[in-house]
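Scroll down for the structure; my scribbles are underneath it.
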Amino acid sequence: MSNKVLAPPKAHAPVLPPALKLPADPATLAHRQLRDGLFWQRLQAYAEVPESDFLDHRWQAKNSITNVPRLLAALQGLVDASFVHDAEEGFRHAPMPVRVSPYLLSLIDWSRPYEDPLRIQFIPLASRRLPDHPKVDLDPLHERQDMPVPGLSHRYPDKVLFLPLDTCPVYCRFCTRSYAVGLDTEEVTKLQFGVDVERWRLAFEYVASRPEVEDILISGGDVSQLRDEQVTYIGEAFLAIPHVRRIRWATKMLAVMPQKLLSDTAWVDALTRIADRGRQLHKEVVVHTHFNHPDEITAITQAATNKLFDRGITVRNQTVLIRGVNDTPAVMGVLVKRLSFVNVHPYYIYVHDMVKGVEDLRTTVESGARLEKQIRGLTAGYNTPATVVDTPGGGKRDVHSWEYYDRETGISVYSSPVVHPGQLFCYFDPIHLLPPSGQARWADPSQHDRMIAQALEEARSRR
Ligand SMILES: *Cc1c(COP(=O)(O)O)cnc(C)c1O
Ligand code: SF4
């Protein structure tokens, strides 16, 4: 054989290998089109608001709407009187107080307020209200049972959930912590976990006394409501505990008020210093956030996530599966791809917790399981969220991992060998989505215990 040297690349057009894949349909690239420009000026209330105000978190916070009459006033002219009345009645029965940022309000398509995915999440309507499932609870995760000190939940072996405060930049209808978050409403008197340094110290002492705890999840409420010196204080306290290896700061701010990352330099710098200090100690400090629909990701969001990316801070996302918002493969697919596009890792999709007053938002375990199948493979595995059911008391379980699932009664039964070996935990699909025979059984209270006992029996017999 002659010792041939590879010919240098030729300047003329290369011959492409035969195509194995059809050209991409441009529709599959829709996730890259982020809303941009002065979109808020379409709303009469913000028609005169310049970009310099709209991009300022102080303006957003100051102009956030915190009571029903003001919200309804802002909607005058956008929606008809019957919608306003419907929302007024909806708020009257809601377990969560009102707080909506101008940014959120201006992302809603007010020409179709009944279907808009953001309206559904933040503005309750009496006409959509469904009776609660007999098994719903204000503390669906039973977090209060796992609290060794107030506001610190230690359920899993090596991680704790710390709730330093109970306020948020907005209030979501579906909040799983409606037992504590926000001010009291007509429906609910809250367990309060306000900013209280003495309570925080008890939490730090508890973690220091538990060498198995490596992972701190700081949530709330929302950590974007902490002042920058409070971020520093809490971050340093946890980093100083030798066995703490990982800290996550949970905030919805990226989805509802990304302006905070653009204009609150002191806060972003405080977070960055904790992340940098963590890196020096070889400890991971990341941000967890909560986007539910692709419309929540705009060019403003991208500027905000770029800021964290520039500073080397990883962001992960947790989504709640909400009926009419993101329960189709088309919408969830765009959400997953768009999050990845702005450098946010889709981490979890939660089947909606059993929360009071939001039965219209829940969907079935079946639809969560189906969605998981349809999403996996769409993009990188590390950007593919795990779909989980957070079973009351048993913690997060892979949606597909039921021991038994009765689609007629909507009862799914999970085990949780690490958290509570030997025990079984139930999740209940919304009754209105069950077949008529299942709905009939729930209509008869004398059947409830029997249905549950049967499902548990089936689960045991299969193990
Ligand atoms: C969800 C949760 C965590 C964190 O769980 P990951 O699966 O690691 O995200 C920790 N503690 C409690 C009580 C939780 O509910
Ligand atoms: S931001 Fe989070 S904690 Fe606050 S109301 Fe929404 S879901 Fe609840």
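Note on naming: chains are A, B, ... as they come in the structure tokens, residues start from 1 per chain, ligands start from 1 in the order shown.
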
Helix (DSSP H, G or I) call set, DSSP backbone run, range 208-351 of chain A, as a ChimeraX atom specification: /A:208,223-225,228-239,253-256,259-263,265-280,294-296,299-310,329-341

Grab the residues selected above and save them as a short mmCIF file (atom, residue, chain, number, x, y, z; two decimals), in the first residue's frame with C-alpha atoms.
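Okay, out.cif is ready:
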```cif
data_model
loop_
_atom_site.label_atom_id
_atom_site.label_comp_id
_atom_site.auth_asym_id
_atom_site.auth_seq_id
_atom_site.Cartn_x
_atom_site.Cartn_y
_atom_site.Cartn_z
CA ALA A 208 -25.12 21.07 62.40
CA VAL A 223 -35.86 33.43 48.55
CA SER A 224 -36.06 36.43 46.22
CA GLN A 225 -37.96 38.10 49.07
CA ASP A 228 -29.29 40.61 50.26
CA GLU A 229 -27.75 40.55 53.75
CA GLN A 230 -30.17 37.78 54.70
CA VAL A 231 -29.03 35.74 51.67
CA THR A 232 -25.47 36.23 52.85
CA TYR A 233 -26.29 35.32 56.45
CA ILE A 234 -28.21 32.13 55.59
CA GLY A 235 -25.79 31.08 52.86
CA GLU A 236 -22.73 31.54 55.05
CA ALA A 237 -24.35 29.74 57.97
CA PHE A 238 -25.05 26.63 55.91
CA LEU A 239 -21.72 26.69 54.03
CA MET A 253 -38.86 35.11 40.66
CA LEU A 254 -37.22 34.04 37.38
CA ALA A 255 -40.67 33.14 36.05
CA VAL A 256 -42.68 36.04 37.44
CA GLN A 259 -36.32 41.99 36.40
CA LYS A 260 -34.94 41.30 39.88
CA LEU A 261 -31.84 39.72 38.32
CA LEU A 262 -31.39 42.67 35.98
CA SER A 263 -31.76 45.55 38.42
CA THR A 265 -27.41 44.20 41.73
CA ALA A 266 -26.91 43.90 45.49
CA TRP A 267 -29.08 40.78 45.66
CA VAL A 268 -27.45 39.12 42.62
CA ASP A 269 -24.01 39.95 44.01
CA ALA A 270 -24.92 38.45 47.41
CA LEU A 271 -26.07 35.23 45.74
CA THR A 272 -22.96 35.18 43.56
CA ARG A 273 -20.67 35.60 46.58
CA ILE A 274 -22.30 32.59 48.24
CA ALA A 275 -21.93 30.56 45.03
CA ASP A 276 -18.28 31.63 44.73
CA ARG A 277 -17.62 30.87 48.38
CA GLY A 278 -19.26 27.47 47.88
CA ARG A 279 -17.05 26.83 44.85
CA GLN A 280 -13.91 27.62 46.90
CA PRO A 294 -43.46 28.45 27.59
CA ASP A 295 -45.21 31.89 27.54
CA GLU A 296 -43.47 32.61 30.86
CA ALA A 299 -36.34 37.82 26.10
CA ILE A 300 -36.34 39.39 29.58
CA THR A 301 -36.09 35.92 31.12
CA GLN A 302 -33.20 35.11 28.83
CA ALA A 303 -31.35 38.26 29.90
CA ALA A 304 -31.89 37.14 33.50
CA THR A 305 -30.77 33.54 33.01
CA ASN A 306 -27.76 34.80 31.03
CA LYS A 307 -26.79 36.82 34.09
CA LEU A 308 -26.72 33.70 36.27
CA PHE A 309 -24.97 31.71 33.54
CA ASP A 310 -22.31 34.42 33.27
CA PRO A 329 -46.98 16.94 24.83
CA ALA A 330 -47.00 19.95 22.48
CA VAL A 331 -46.90 22.55 25.27
CA MET A 332 -44.65 20.57 27.61
CA GLY A 333 -42.30 19.84 24.72
CA VAL A 334 -41.89 23.54 23.95
CA LEU A 335 -41.44 24.29 27.66
CA VAL A 336 -38.67 21.71 28.03
CA LYS A 337 -36.89 22.89 24.87
CA ARG A 338 -37.27 26.58 25.73
CA LEU A 339 -35.96 26.10 29.26
CA SER A 340 -32.96 24.26 27.85
CA PHE A 341 -32.50 27.04 25.28
#
```

message: Around ligand 1, which protein and nucleic acid residues have at least one atom no more than 7 Å from it, if we count only C-alpha atoms and all ligand atoms? List them as number ranges by chain.
response: A: 141, 143, 153-156, 159-161, 217, 395-396

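Of the listed residues A:Pro124, A:Pro436, A:Pro69, A:Gly422, the one whose atoms come nearest to Phe91 in chain A is A:Pro124, with distances taken using only C-alpha atoms.
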
**Request:** Just the residues within 7 Å of Ile65 in chain A, please, counting only C-alpha atoms, with nothing from its chain fewer than 5 positions along; format it as a ChimeraX atom specification.
**Result:** /A:70-71,99-101

Can I get the selected residues back with N, CA, C and O atoms, as a compact mmCIF listing (two decimals), in the first residue's frame?
```
# COMPACT_ATOMS: atom_id res chain seq x y z
N ARG A 70 -58.24 46.26 43.03
CA ARG A 70 -57.24 46.87 42.14
C ARG A 70 -56.99 46.00 40.91
O ARG A 70 -56.78 46.50 39.81
N LEU A 71 -56.98 44.68 41.13
CA LEU A 71 -56.78 43.78 39.99
C LEU A 71 -57.92 43.95 39.00
O LEU A 71 -57.72 44.11 37.80
N ARG A 99 -51.48 38.37 44.62
CA ARG A 99 -50.34 39.22 44.27
C ARG A 99 -49.92 38.86 42.85
O ARG A 99 -49.52 37.73 42.58
N VAL A 100 -50.02 39.81 41.94
CA VAL A 100 -49.68 39.59 40.54
C VAL A 100 -48.79 40.73 40.08
O VAL A 100 -49.10 41.91 40.33
N SER A 101 -47.70 40.41 39.41
CA SER A 101 -46.80 41.46 38.92
C SER A 101 -47.30 42.00 37.59
O SER A 101 -47.96 41.28 36.83
```

inquiry  = Hey, which residues sit close to ligand 2? Say within 7 Å, counting only C-alpha atoms and all ligand atoms, and write them as a ChimeraX atom specification.
reply    = /A:167-172,174-178,181,220-222,251-252

Next on the checklist: When you look at Val207 in chain A with a cut-off of 10 Å (counting only C-alpha atoms), what residues show up, excluding the ones that are within fewer than 3 positions of it in the same chain? I need them as number ranges by chain.
Outcome noted: A: 152, 154, 159-160, 201-204, 210-216, 238, 241, 243-244
